[in-house]
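Structure file structure.txt; described as compact mmCIF, C-alpha atoms.
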```
# COMPACT_ATOMS: atom_id res chain seq x y z
CA MET A 638 10.51 -51.26 72.99
CA GLY A 639 7.41 -49.73 71.39
CA ASN A 640 7.33 -46.17 70.11
CA PRO A 641 9.52 -43.89 72.31
CA TYR A 642 7.65 -40.84 70.98
CA ALA A 643 4.23 -42.31 71.64
CA SER A 644 3.61 -39.85 74.48
CA LEU A 645 4.12 -36.92 72.04
CA SER A 646 1.64 -38.25 69.50
CA LEU A 647 -1.61 -36.30 69.02
CA PHE A 648 -3.49 -39.41 68.01
CA PRO A 649 -3.62 -42.85 69.54
CA ASP A 650 -1.15 -45.23 67.95
CA GLU A 651 -2.79 -47.27 65.26
CA ASP A 652 -1.99 -50.88 64.87
CA GLU A 653 -0.73 -51.44 61.36
CA SER A 654 -2.54 -54.72 61.24
CA VAL A 655 -5.91 -52.98 61.63
CA ALA A 656 -5.29 -50.35 58.88
CA ILE A 657 -7.87 -50.81 56.15
CA GLU A 658 -6.44 -51.53 52.76
CA PRO A 659 -8.43 -49.57 50.09
CA THR A 660 -10.22 -51.67 47.57
CA PHE A 661 -9.16 -51.74 43.94
CA GLU A 662 -12.13 -49.56 43.00
CA GLN A 663 -11.29 -47.05 45.75
CA LYS A 664 -7.70 -46.87 44.51
CA ARG A 665 -8.91 -46.42 40.99
CA ALA A 666 -11.32 -43.68 42.05
CA TYR A 667 -8.55 -41.94 44.01
CA PHE A 668 -6.15 -41.92 41.06
CA LYS A 669 -8.97 -40.78 38.81
CA ARG A 670 -9.53 -37.77 41.09
CA LEU A 671 -5.84 -36.89 40.75
CA GLU A 672 -6.44 -36.52 37.00
CA ASN A 673 -2.96 -37.83 36.33
CA PRO A 674 -3.17 -40.23 33.37
CA HIS A 675 0.53 -41.15 33.66
CA ALA A 676 0.11 -42.42 37.25
CA HIS A 677 -3.19 -44.09 36.44
CA SER A 678 -1.70 -45.90 33.50
CA ALA A 679 1.41 -46.97 35.50
CA ILE A 680 -0.68 -48.50 38.25
CA PHE A 681 -3.70 -49.87 36.46
CA GLY A 682 -2.13 -50.48 33.07
CA ASP A 683 -4.76 -48.40 31.30
CA SER A 684 -6.12 -44.88 31.44
CA GLU A 685 -9.37 -43.38 30.38
CA ASP A 686 -9.54 -40.81 27.61
CA ASN A 687 -11.20 -38.27 29.85
CA LEU A 688 -8.18 -38.40 32.17
CA TRP A 689 -5.92 -37.39 29.33
CA GLN A 690 -8.35 -34.64 28.38
CA ALA A 691 -8.49 -33.39 31.97
CA ALA A 692 -4.69 -33.38 32.19
CA ALA A 693 -4.43 -31.45 28.94
CA ARG A 694 -7.07 -29.02 30.23
CA HIS A 695 -5.08 -28.51 33.44
CA GLN A 696 -1.84 -27.99 31.58
CA LYS A 697 -3.51 -25.52 29.23
CA ASN A 698 -5.13 -23.65 32.10
CA ASP A 699 -1.82 -23.39 33.95
CA ALA A 700 -0.08 -22.10 30.82
CA PHE A 701 -2.91 -19.64 30.20
CA VAL A 702 -2.71 -18.26 33.76
CA SER A 703 1.08 -17.81 33.49
CA LEU A 704 0.72 -16.22 30.07
CA GLU A 705 -1.94 -13.80 31.24
CA LYS A 706 0.19 -12.84 34.24
CA GLU A 707 3.28 -12.29 32.08
CA LEU A 708 1.42 -10.23 29.48
CA ASP A 709 -0.15 -8.01 32.13
CA GLU A 710 3.21 -7.45 33.79
CA VAL A 711 4.74 -6.38 30.48
CA LEU A 712 1.79 -4.18 29.51
CA ASN A 713 1.80 -2.49 32.92
CA LEU A 714 5.46 -1.61 32.43
CA TYR A 715 4.53 0.24 29.24
CA LYS A 716 1.23 1.64 30.56
CA HIS A 717 2.49 5.16 31.36
CA TYR A 718 4.25 5.34 28.03
CA VAL A 719 1.14 4.55 25.96
CA ALA A 720 -0.97 7.55 25.03
CA ARG A 721 -3.93 7.78 27.41
CA ASN A 722 -6.53 7.54 24.67
CA GLU A 723 -4.70 4.58 23.07
CA TRP A 724 -4.71 2.31 26.12
CA LYS A 725 -8.21 1.02 25.39
CA HIS A 726 -7.11 0.05 21.89
CA LEU A 727 -4.25 -1.97 23.39
CA MET A 728 -6.58 -3.59 25.93
CA ASP A 729 -8.95 -4.55 23.11
CA PHE A 730 -6.06 -6.45 21.54
CA ARG A 731 -5.29 -8.31 24.81
CA PRO A 732 -7.92 -11.11 24.47
CA PHE A 733 -6.85 -11.77 20.87
CA PHE A 734 -3.22 -12.03 21.94
CA LEU A 735 -4.05 -14.42 24.79
CA GLN A 736 -6.22 -16.57 22.57
CA GLU A 737 -3.61 -16.80 19.82
CA ALA A 738 -0.73 -17.41 22.22
CA SER A 739 -2.48 -20.13 24.22
CA ASP A 740 -3.44 -22.41 21.35
CA THR A 741 -1.03 -25.01 22.78
CA PRO A 742 0.82 -25.04 26.12
CA GLU A 743 4.12 -25.21 24.21
CA HIS A 744 3.30 -22.08 22.25
CA ALA A 745 2.16 -20.32 25.42
CA ASN A 746 5.47 -21.11 27.12
CA GLN A 747 7.36 -19.92 24.06
CA VAL A 748 5.42 -16.62 24.11
CA ILE A 749 6.02 -16.24 27.87
CA ASN A 750 9.77 -16.56 27.27
CA ARG A 751 9.63 -13.99 24.48
CA LEU A 752 7.55 -11.56 26.57
CA GLN A 753 10.06 -11.72 29.42
CA LYS A 754 12.71 -10.22 27.14
CA PHE A 755 10.68 -7.02 26.80
CA LYS A 756 10.72 -6.24 30.50
CA PHE A 757 12.95 -3.40 31.64
CA SER A 758 13.79 -2.13 35.08
CA LEU A 759 13.67 1.39 36.44
CA ALA A 760 15.85 2.82 39.20
CA PRO A 761 14.18 4.25 42.32
CA GLY A 762 12.73 7.66 41.48
CA GLU A 763 12.91 6.99 37.73
CA LYS A 764 9.72 7.46 35.71
CA VAL A 765 8.85 6.72 32.12
CA GLU A 766 7.94 9.87 30.22
CA TYR A 767 4.28 9.23 29.83
CA ASN A 768 1.48 9.31 27.28
CA ARG A 769 3.35 9.13 24.02
CA ALA A 770 3.29 5.80 22.22
CA PRO A 771 0.50 4.83 19.85
CA ALA A 772 -1.05 1.43 20.64
CA ASP A 773 -0.47 0.20 17.08
CA ARG A 774 3.30 0.25 17.52
CA ILE A 775 3.10 -2.03 20.55
CA ILE A 776 0.42 -4.22 18.96
CA SER A 777 2.62 -4.82 15.91
CA GLU A 778 5.50 -5.91 18.19
CA LEU A 779 3.16 -8.17 20.17
CA LYS A 780 2.04 -9.76 16.90
CA LYS A 781 5.68 -10.51 16.11
CA ILE A 782 5.99 -12.21 19.50
CA LEU A 783 3.10 -14.50 18.56
CA GLY A 784 5.30 -15.69 15.71
CA MET B 350 -3.75 26.62 21.63
CA PRO B 351 -4.27 27.40 17.94
CA PRO B 352 -1.79 25.93 15.45
CA THR B 353 -0.02 29.31 15.09
CA LYS B 354 1.04 29.03 18.74
CA ASN B 355 2.34 25.54 18.01
CA VAL B 356 4.39 27.06 15.20
CA SER B 357 5.84 29.74 17.52
CA LEU B 358 6.73 27.11 20.11
CA LEU B 359 8.32 24.93 17.43
CA ARG B 360 10.33 27.89 16.14
CA ALA B 361 11.62 28.67 19.64
CA LEU B 362 12.57 25.03 20.25
CA LEU B 363 14.29 24.74 16.85
CA THR B 364 16.40 27.81 17.60
CA LYS B 365 17.42 26.32 20.96
CA ALA B 366 18.15 22.89 19.43
CA GLU B 367 20.20 24.30 16.54
CA SER B 368 22.19 26.57 18.80
CA LEU B 369 23.09 23.65 21.07
CA ALA B 370 23.96 21.34 18.15
CA SER B 371 26.17 23.99 16.50
CA THR B 372 27.95 24.71 19.78
CA VAL B 373 28.72 21.11 20.75
CA SER B 374 29.79 20.19 17.22
CA LYS B 375 31.83 23.39 16.81
CA ASN B 376 29.96 23.95 13.54
CA GLU B 377 31.34 20.79 11.98
CA PHE B 378 29.51 17.73 10.77
CA PRO B 379 28.70 15.18 12.03
CA VAL B 380 26.89 16.31 15.16
CA LEU B 381 27.91 13.70 17.72
CA LEU B 382 25.16 12.60 20.04
CA ARG B 383 26.88 11.95 23.34
CA PRO B 384 28.00 15.56 23.99
CA LEU B 385 24.57 16.73 22.90
CA ALA B 386 22.86 14.28 25.28
CA GLU B 387 25.11 15.28 28.17
CA ARG B 388 24.17 18.93 27.67
CA ARG B 389 20.51 17.86 27.89
CA LYS B 390 21.18 16.07 31.21
CA VAL B 391 20.85 12.60 29.70
CA THR B 392 22.86 10.51 32.15
CA SER B 393 22.63 7.21 30.29
CA VAL B 394 21.65 5.71 26.94
CA ASP B 395 20.81 2.02 27.25
CA PHE B 396 19.91 -0.61 24.69
CA CYS B 397 17.48 -3.44 25.38
CA PRO B 398 14.61 -5.26 23.64
CA LEU B 399 11.57 -2.95 23.72
CA LEU B 400 8.05 -3.03 22.33
CA VAL B 401 8.68 0.50 21.02
CA ASP B 402 11.61 2.16 19.21
CA ALA B 403 12.76 4.21 22.16
CA MET B 404 11.72 5.57 25.53
CA LEU B 405 12.69 8.53 27.64
CA THR B 406 12.68 8.38 31.42
CA THR B 407 13.13 11.12 33.99
CA HIS B 408 14.95 10.77 37.29
CA PRO B 409 16.32 13.18 39.90
CA GLU B 410 19.57 13.74 37.94
CA GLY B 411 17.98 14.17 34.51
CA PHE B 412 16.98 11.70 31.81
CA ARG B 413 17.73 8.20 30.60
CA ILE B 414 17.13 7.04 27.03
CA LEU B 415 16.19 3.42 26.40
CA LEU B 416 16.54 2.23 22.82
CA ASN B 417 15.26 -0.91 21.20
CA SER B 418 18.30 -3.10 20.56
CA ASP B 419 16.18 -4.96 17.99
CA GLY B 420 18.11 -8.19 18.21
CA GLY B 421 21.48 -6.41 18.39
CA ARG B 422 23.95 -6.82 21.20
CA ASP B 423 22.92 -4.45 24.00
CA GLN B 424 26.35 -3.86 25.50
CA GLU B 425 28.09 -3.50 22.15
CA LEU B 426 25.57 -0.85 21.05
CA LYS B 427 26.02 1.02 24.33
CA GLU B 428 29.78 1.02 23.82
CA ARG B 429 29.36 2.27 20.27
CA TYR B 430 27.21 5.13 21.54
CA ARG B 431 29.74 5.97 24.26
CA ASN B 432 32.65 5.95 21.82
CA GLU B 433 30.90 7.54 18.86
CA SER B 434 33.36 9.60 16.85
CA LYS B 435 33.51 11.26 13.45
CA ARG B 436 35.15 8.13 12.10
CA LYS B 437 32.88 5.64 13.85
CA LEU B 438 29.32 6.86 13.78
CA LEU B 439 26.31 4.96 15.02
CA GLN B 440 23.86 3.76 12.38
CA PRO B 441 21.84 6.69 10.96
CA ARG B 442 18.56 5.12 12.11
CA LEU B 443 19.80 4.87 15.70
CA ARG B 444 21.22 8.41 15.57
CA PHE B 445 17.83 9.70 14.51
CA SER B 446 16.04 7.75 17.26
CA ILE B 447 18.38 9.22 19.90
CA ALA B 448 17.97 12.72 18.42
CA HIS B 449 14.18 12.24 18.54
CA GLU B 450 14.34 11.38 22.25
CA LEU B 451 16.65 14.34 22.84
CA ALA B 452 14.04 16.50 21.13
CA HIS B 453 11.57 15.47 23.84
CA THR B 454 13.91 16.81 26.52
CA PHE B 455 13.43 20.33 25.14
CA PHE B 456 9.90 20.28 26.54
CA TYR B 457 11.27 20.06 30.08
CA ASP B 458 12.51 22.70 32.45
CA LEU B 459 15.96 21.57 33.59
CA THR B 460 16.64 24.37 36.07
CA GLY B 461 15.22 22.51 39.09
CA GLU B 462 16.33 19.27 40.71
CA SER B 463 14.29 16.93 38.50
CA PRO B 464 13.23 17.66 34.91
CA LYS B 465 9.74 19.14 34.86
CA LEU B 466 7.48 19.14 31.82
CA SER B 467 6.94 22.81 31.05
CA LYS B 468 5.90 23.06 27.40
CA LYS B 469 3.56 21.14 25.17
CA PHE B 470 1.99 21.23 21.76
CA LYS B 471 -1.78 21.18 21.43
CA SER B 472 -3.96 19.49 18.89
CA GLY B 473 -4.55 21.56 15.79
CA GLY B 474 -4.09 21.59 12.04
CA GLY B 475 -6.11 18.36 11.80
CA GLN B 476 -3.65 16.55 14.09
CA THR B 477 -4.03 15.28 17.64
CA GLU B 478 -1.78 16.57 20.42
CA LEU B 479 0.24 13.34 20.24
CA GLU B 480 0.60 13.48 16.45
CA ASN B 481 1.79 17.09 16.65
CA LEU B 482 4.26 16.23 19.42
CA GLU B 483 5.78 13.30 17.54
CA ARG B 484 5.84 15.12 14.19
CA TYR B 485 7.49 18.20 15.66
CA CYS B 486 9.98 16.08 17.62
CA ASN B 487 11.02 14.54 14.30
CA THR B 488 11.52 18.07 12.97
CA ILE B 489 13.57 19.06 16.04
CA ALA B 490 15.61 15.84 15.69
CA SER B 491 16.41 16.64 12.06
CA HIS B 492 17.55 20.14 13.06
CA LEU B 493 19.72 18.72 15.85
CA LEU B 494 21.49 16.47 13.35
CA LEU B 495 21.43 19.01 10.51
CA PRO B 496 21.51 22.56 11.93
CA THR B 497 20.40 25.04 9.25
CA GLN B 498 23.58 27.08 8.95
CA MET B 499 25.83 24.04 8.89
CA LEU B 500 23.60 22.31 6.34
CA SER B 501 23.50 25.44 4.20
CA ASP B 502 27.31 25.74 4.21
CA ALA B 503 27.73 22.06 3.31
CA PHE B 504 25.03 22.11 0.63
CA LEU B 505 26.38 25.25 -1.03
CA ARG B 506 29.87 23.73 -1.09
CA ILE B 507 28.60 20.90 -3.34
CA LYS B 508 29.77 21.58 -6.88
CA ALA B 509 27.16 19.53 -8.69
CA ILE B 510 24.06 17.94 -7.25
CA THR B 511 24.34 14.29 -8.21
CA PRO B 512 23.39 11.04 -6.41
CA GLU B 513 27.04 10.68 -5.39
CA SER B 514 27.33 14.15 -3.87
CA ILE B 515 24.03 13.75 -1.99
CA LEU B 516 25.10 10.32 -0.73
CA GLU B 517 28.38 11.81 0.44
CA LEU B 518 26.53 14.59 2.27
CA ALA B 519 24.37 11.99 4.03
CA GLN B 520 27.46 10.04 5.06
CA THR B 521 29.32 13.14 6.27
CA THR B 522 26.38 14.29 8.35
CA GLY B 523 25.57 10.80 9.67
CA VAL B 524 21.93 10.82 8.60
CA SER B 525 19.97 8.49 6.35
CA LEU B 526 19.11 9.53 2.80
CA PRO B 527 15.39 9.82 3.60
CA ALA B 528 16.17 12.05 6.62
CA LEU B 529 18.45 14.26 4.52
CA LEU B 530 15.89 14.57 1.72
CA PHE B 531 13.03 15.37 4.14
CA ARG B 532 15.20 18.10 5.68
CA LEU B 533 16.25 19.52 2.29
CA ASP B 534 12.62 19.49 1.15
CA LYS B 535 11.82 21.91 3.97
CA SER B 536 14.78 24.15 3.13
CA ASP B 537 13.62 26.10 0.10
CA SER B 538 16.19 28.82 0.64
CA LEU B 539 19.02 26.35 0.02
CA PHE B 540 17.69 25.49 -3.42
CA ILE B 541 17.19 29.17 -4.19
CA LYS B 542 20.74 30.04 -3.12
CA LYS B 543 22.02 27.19 -5.22
CA TYR B 544 19.52 28.00 -7.98
CA PHE B 545 18.81 24.32 -8.31
CA ARG B 546 15.90 23.88 -10.69
CA GLY B 547 15.24 20.20 -10.34
CA CYS B 548 14.64 17.62 -7.68
CA ILE B 549 16.28 14.79 -5.76
CA VAL B 550 14.29 11.58 -5.37
CA LEU B 551 14.84 8.33 -3.49
CA VAL B 552 12.89 5.49 -5.07
CA ALA B 553 12.44 2.08 -3.43
CA GLN B 554 11.69 -1.08 -5.36
CA HIS B 555 9.35 -3.61 -3.74
CA ASP B 556 8.86 -6.58 -6.08
CA GLU B 557 7.48 -5.00 -9.24
CA GLU B 558 6.39 -1.77 -7.61
CA LEU B 559 8.48 1.39 -7.44
CA LYS B 560 7.60 3.81 -4.68
CA ILE B 561 8.90 7.30 -3.91
CA ARG B 562 10.50 7.03 -0.50
CA ALA B 563 11.54 10.68 -0.19
CA VAL B 564 11.77 13.69 -2.43
CA ALA B 565 13.40 17.10 -2.07
CA LYS B 566 12.52 19.93 -4.42
CA PRO B 567 12.42 23.71 -4.39
CA ARG B 568 9.08 25.37 -3.67
CA SER B 569 9.87 28.79 -5.09
CA LEU B 570 11.67 27.85 -8.30
CA ILE B 571 9.89 26.75 -11.43
CA ILE B 572 10.48 23.08 -12.16
CA ALA B 573 8.85 20.60 -14.55
CA ARG B 574 5.23 19.70 -13.88
CA GLN B 575 6.10 16.00 -13.60
CA LEU B 576 8.69 16.73 -10.90
CA ARG B 577 6.45 19.21 -9.06
CA GLN B 578 3.79 16.48 -8.73
CA MET B 579 6.12 13.95 -7.09
CA ASN B 580 5.36 13.24 -3.43
CA SER B 581 6.73 10.87 -0.81
CA ASN B 582 4.90 7.52 -0.69
CA ASP B 583 3.50 7.97 -4.21
CA VAL B 584 3.92 5.12 -6.66
CA TRP B 585 6.64 6.06 -9.15
CA SER B 586 5.13 7.06 -12.48
CA LEU B 587 7.18 9.47 -14.55
CA LYS B 588 6.65 10.09 -18.21
CA THR B 589 8.53 12.40 -20.53
CA GLN B 590 6.77 15.12 -22.48
CA GLY B 591 6.46 12.60 -25.33
CA GLY B 592 4.78 10.01 -23.08
CA CYS B 593 7.80 7.70 -22.67
CA GLU B 594 8.04 6.05 -19.27
CA ILE B 595 11.17 6.78 -17.24
CA ASN B 596 12.05 3.70 -15.18
CA PRO B 597 14.90 4.16 -12.67
CA THR B 598 15.77 0.46 -12.80
CA ARG B 599 16.55 0.74 -16.50
CA LEU B 600 18.07 4.23 -16.62
CA PRO B 601 21.75 4.58 -17.49
CA LYS B 602 23.90 6.42 -14.95
CA SER B 603 23.47 9.63 -16.91
CA SER B 604 20.71 10.55 -19.34
CA THR B 605 18.41 13.38 -20.39
CA ALA B 606 14.67 13.73 -20.80
CA ILE B 607 12.30 16.39 -22.04
CA LEU B 608 9.76 17.40 -19.40
CA ASP B 609 6.91 19.94 -19.36
CA VAL B 610 7.37 23.26 -17.66
CA ILE B 611 4.30 25.40 -17.08
CA LEU B 612 5.01 29.12 -17.14
CA ASP B 613 2.23 31.70 -16.70
CA GLN B 614 -0.40 29.31 -18.02
CA SER B 615 1.71 28.51 -21.06
CA ARG B 616 3.51 25.23 -21.46
CA CYS B 617 7.05 24.74 -22.72
CA GLN B 618 9.50 21.87 -22.81
CA LYS B 619 12.83 21.79 -21.03
CA GLU B 620 15.62 19.28 -21.16
CA TYR B 621 16.58 17.78 -17.81
CA GLN B 622 19.84 16.10 -16.91
CA ILE B 623 19.16 12.87 -15.01
CA TYR B 624 21.69 11.02 -12.85
CA VAL B 625 20.87 7.77 -11.11
CA ALA B 626 22.69 5.54 -8.63
CA ALA B 627 21.68 2.33 -6.86
CA VAL B 628 22.00 2.97 -3.13
CA GLY B 629 21.22 -0.29 -1.32
CA GLY B 630 18.12 -1.63 0.31
CA PHE B 631 16.43 0.80 2.75
CA ASP B 632 13.92 -1.95 3.67
CA ALA B 633 13.30 -2.52 -0.04
CA MET B 634 14.75 -4.87 -2.63
CA ASN B 635 16.67 -2.02 -4.24
CA SER B 636 16.73 1.73 -3.90
CA PHE B 637 17.71 4.35 -6.41
CA LEU B 638 18.77 7.92 -5.81
CA ILE B 639 17.94 10.12 -8.77
CA THR B 640 18.68 13.76 -9.45
CA PHE B 641 16.96 15.85 -12.10
CA GLU B 642 18.28 19.27 -13.07
CA GLU B 643 17.20 21.59 -15.84
CA LYS B 644 20.00 21.97 -18.37
```
Can you dump the structure from the file as C-alpha cells?
Amino acid sequence: MGNPYASLSLFPDEDESVAIEPTFEQKRAYFKRLENPHAHSAIFGDSEDNLWQAAARHQKNDAFVSLEKELDEVLNLYKHYVARNEWKHLMDFRPFFLQEASDTPEHANQVINRLQKFKFSLAPGEKVEYNRAPADRIISELKKILG
Amino acid sequence: MPPTKNVSLLRALLTKAESLASTVSKNEFPVLLRPLAERRKVTSVDFCPLLVDAMLTTHPEGFRILLNSDGGRDQELKERYRNESKRKLLQPRLRFSIAHELAHTFFYDLTGESPKLSKKFKSGGGQTELENLERYCNTIASHLLLPTQMLSDAFLRIKAITPESILELAQTTGVSLPALLFRLDKSDSLFIKKYFRGCIVLVAQHDEELKIRAVAKPRSLIIARQLRQMNSNDVWSLKTQGGCEINPTRLPKSSTAILDVILDQSRCQKEYQIYVAAVGGFDAMNSFLITFEEK
C-alpha cells in the first residue's frame, strides 16, 4: 500500500532501515545539553554533578524572573500613590528584596504568592489619589512578605 | 505658601468638616462614617490586603476608599462598615483610617463631574508638603469624629475626670484612647471650662519599659512641674516632690501624691489625686490610663 499521503510530503520518504541510530556518546551529549539530570539519570543510570547544578541554576533563574515580574507589577500598582520624592527610596530597596526573596526557588514562589495578594483592581476611569505614601510604610510591609 | 496660610486653610477645612459631622450625626455621638462618606461622594469603601493602611481613589462619580483588611475578612468588614450603627461600631482604628481618607476628600472640588484637586498644603514649619498634608489630615479626621461643640458638651457633662469616665467617653464617641487624648490635648478651652488642673495619661508597658503613649493636659492652667513635663513617646519617669517613684503598674486604683507646682518663680507643693485603671493592650503588654487632679 505504501504511504497514501506520500504525495503531500515536503521531504522524500525516508526508509526507516537507513535512519542512523545515534551513538551512546551522542545520546549522552544530547541529554547533557538538555540539562535535565532526572532524564539523564533515568537513561544512563548516573548523572553528573554539573547537570544538577545547571538544573538548579535554571530553576532559580526562572523563579527569579517570575519574582521580579510580580514585584514590578505590584510596585507599579502603588507607583502613583507613593510620594514622588520617595519612589527612589523604594526602588533602592528593590534589589535587596529580590535578593532576599530569591535565596531558594521555594522561598521565591512563596513570596510571589504573597505579593499577588496585594494587587488590587481599578475600574475604568478610576485613579489612585497620587503622591502621598512614604516609601518606608511600603518597605516595612514588603519586609513582612519576606517572612 | 508660608505656614500661616497653611493654618488658615486648615481652619477653613476644620470648620467645613465639623459642620458636616455635626449635621450628619444630628449633634449626637458617635459620628457614623457611612452617612459622612456619602456626603463626601464616597461611593464605596472596600477592604483588601494592601501595602499601606488605606488609599483613596477618584472616579467620575466621586471617590472610593480602599482599606487594608490586614488579615481580616474583606467582605465581613465591608458589611460591618455598611451596617455601622451606634450599637455596632467599627473598630476605632478603622474608623480613624476612614476618617483620615475622608479628610483628603476636603481638598477636592466636588462641584464638577469628577473630583478635582483644588487645595493643598505647602511645606513649612520644618515639615515637607507631604508631612503637613498627612499631619493636618489626621487633625481633620479627629475633628470629623470629635466635632468641637459635641466634644465640649460631652466633656463638660462628665462629673469627675477619672480613667473610667474617659474610657466611657472614648467608647461613646467610637475613638481610641490615644485619639481622644490627642484631641483633648489640643482643646485647652475644655480644661479651662472644666477648671481641670491635672492631666490624663495613657502609659504603655513594653517588657520592663513604660512609655507615655498619649497625654492630655491644659496649657493655660497651672499644673505640677512633673505633669507639665510629660510628653507623648517619653519614657515614663515620675517622681513625687520627695523623690519617690510613681509606678503605674504598682499604683492602687486610687492614691495621692505630693508634686511640685511652680508659681511666679516660687515653688510650692500640692497634693494630687491619682486614679489608675488597666485598659488592655494597645500594641503593648499592658496599658494604664491615669488621671491626676489637684485636690
Set out as a Markdown table a contact list for chain A and chain B with a cut-off of 9 Å, giving each residue of chain A that qualifies its closest atom pair and distance in Å to one decimal, counting all atoms listed in the file, ordered by chain and rising residue number.
```
| residue | atom | partner | partner_atom | distance |
| --- | --- | --- | --- | --- |
| A:Tyr715 | CA | B:Leu400 | CA | 8.4 |
| A:Tyr718 | CA | B:Met404 | CA | 7.9 |
| A:Ala720 | CA | B:Leu479 | CA | 7.6 |
| A:Lys754 | CA | B:Pro398 | CA | 6.4 |
| A:Phe755 | CA | B:Leu399 | CA | 5.2 |
| A:Lys756 | CA | B:Leu399 | CA | 7.6 |
| A:Phe757 | CA | B:Cys397 | CA | 7.7 |
| A:Leu759 | CA | B:Thr406 | CA | 8.7 |
| A:Ala760 | CA | B:His408 | CA | 8.2 |
| A:Pro761 | CA | B:His408 | CA | 8.3 |
| A:Gly762 | CA | B:His408 | CA | 5.7 |
| A:Glu763 | CA | B:His408 | CA | 4.3 |
| A:Lys764 | CA | B:Thr407 | CA | 5.3 |
| A:Val765 | CA | B:Thr406 | CA | 4.2 |
| A:Glu766 | CA | B:Thr406 | CA | 5.1 |
| A:Tyr767 | CA | B:Thr406 | CA | 8.6 |
| A:Asn768 | CA | B:Leu479 | CA | 8.2 |
| A:Arg769 | CA | B:Leu479 | CA | 6.5 |
| A:Ala770 | CA | B:Val401 | CA | 7.7 |
| A:Pro771 | CA | B:Leu479 | CA | 8.5 |
| A:Arg774 | CA | B:Val401 | CA | 6.4 |
| A:Ile775 | CA | B:Leu400 | CA | 5.4 |
| A:Ile776 | CA | B:Leu400 | CA | 8.4 |
| A:Ser777 | CA | B:Leu400 | CA | 8.6 |
| A:Glu778 | CA | B:Leu400 | CA | 5.7 |
| A:Leu779 | CA | B:Leu400 | CA | 7.4 |
```
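Between atom CA of B:Ser491 and atom CA of B:Leu385 lies a distance of 13.6 Å.
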Self-check item: Residues within 12 Å of (27.0, 27.7, 1.0), file coords, all atoms listed in the file, listed as a count of residues only
Solution: 19
Practice problem: Find the residues near stretch 621-625 of chain B: any atom within 12 Å, counting all atoms listed in the file, skip ones fewer than 6 places away on the same chain, and give them as a ChimeraX atom specification. | Solution: /B:509-516,545-552,572-573,575-576,589-590,595-610,636-644
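Atom CA of B:Ala528 lies 16.4 Å from atom CA of B:Lys560.
Closest approach to A:Arg721 from the set A:Leu704, A:Ile749, A:Ala772, A:Thr741 is made by A:Ala772, with distances taken over all atoms listed in the file.
Separating atom CA of B:His449 from atom CA of B:Cys486 is a distance of 5.8 Å.
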Quiz item: Taking into account all atoms listed in the file, which residue in the set A:Leu783, A:Ala691, A:Leu735, A:Ile657 is nearest to A:Asn750?
Solution: A:Leu783
Neighbourhood query: residues within 10 Å of (32.9, 17.4, 9.8), file coordinates, counting only C-alpha atoms; return as a PDB file with C-alpha atoms, keeping the file's coordinate frame.
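The result, written out as part_22.pdb:
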```pdb
ATOM      1  CA  SER B 374      29.790  20.190  17.220  1.00  0.00           C
ATOM      2  CA  LYS B 375      31.830  23.390  16.810  1.00  0.00           C
ATOM      3  CA  ASN B 376      29.960  23.950  13.540  1.00  0.00           C
ATOM      4  CA  GLU B 377      31.340  20.790  11.980  1.00  0.00           C
ATOM      5  CA  PHE B 378      29.510  17.730  10.770  1.00  0.00           C
ATOM      6  CA  PRO B 379      28.700  15.180  12.030  1.00  0.00           C
ATOM      7  CA  VAL B 380      26.890  16.310  15.160  1.00  0.00           C
ATOM      8  CA  LYS B 435      33.510  11.260  13.450  1.00  0.00           C
ATOM      9  CA  ARG B 436      35.150   8.130  12.100  1.00  0.00           C
ATOM     10  CA  MET B 499      25.830  24.040   8.890  1.00  0.00           C
ATOM     11  CA  ALA B 503      27.730  22.060   3.310  1.00  0.00           C
ATOM     12  CA  THR B 521      29.320  13.140   6.270  1.00  0.00           C
ATOM     13  CA  THR B 522      26.380  14.290   8.350  1.00  0.00           C
ATOM     14  CA  GLY B 523      25.570  10.800   9.670  1.00  0.00           C
TER      15      GLY B 523
END
```
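For the choices A:Ser678, A:Asn698, A:Val711, A:Asn722, the atom-to-atom distance to B:Thr477 is smallest for A:Asn722 when using all atoms listed in the file.
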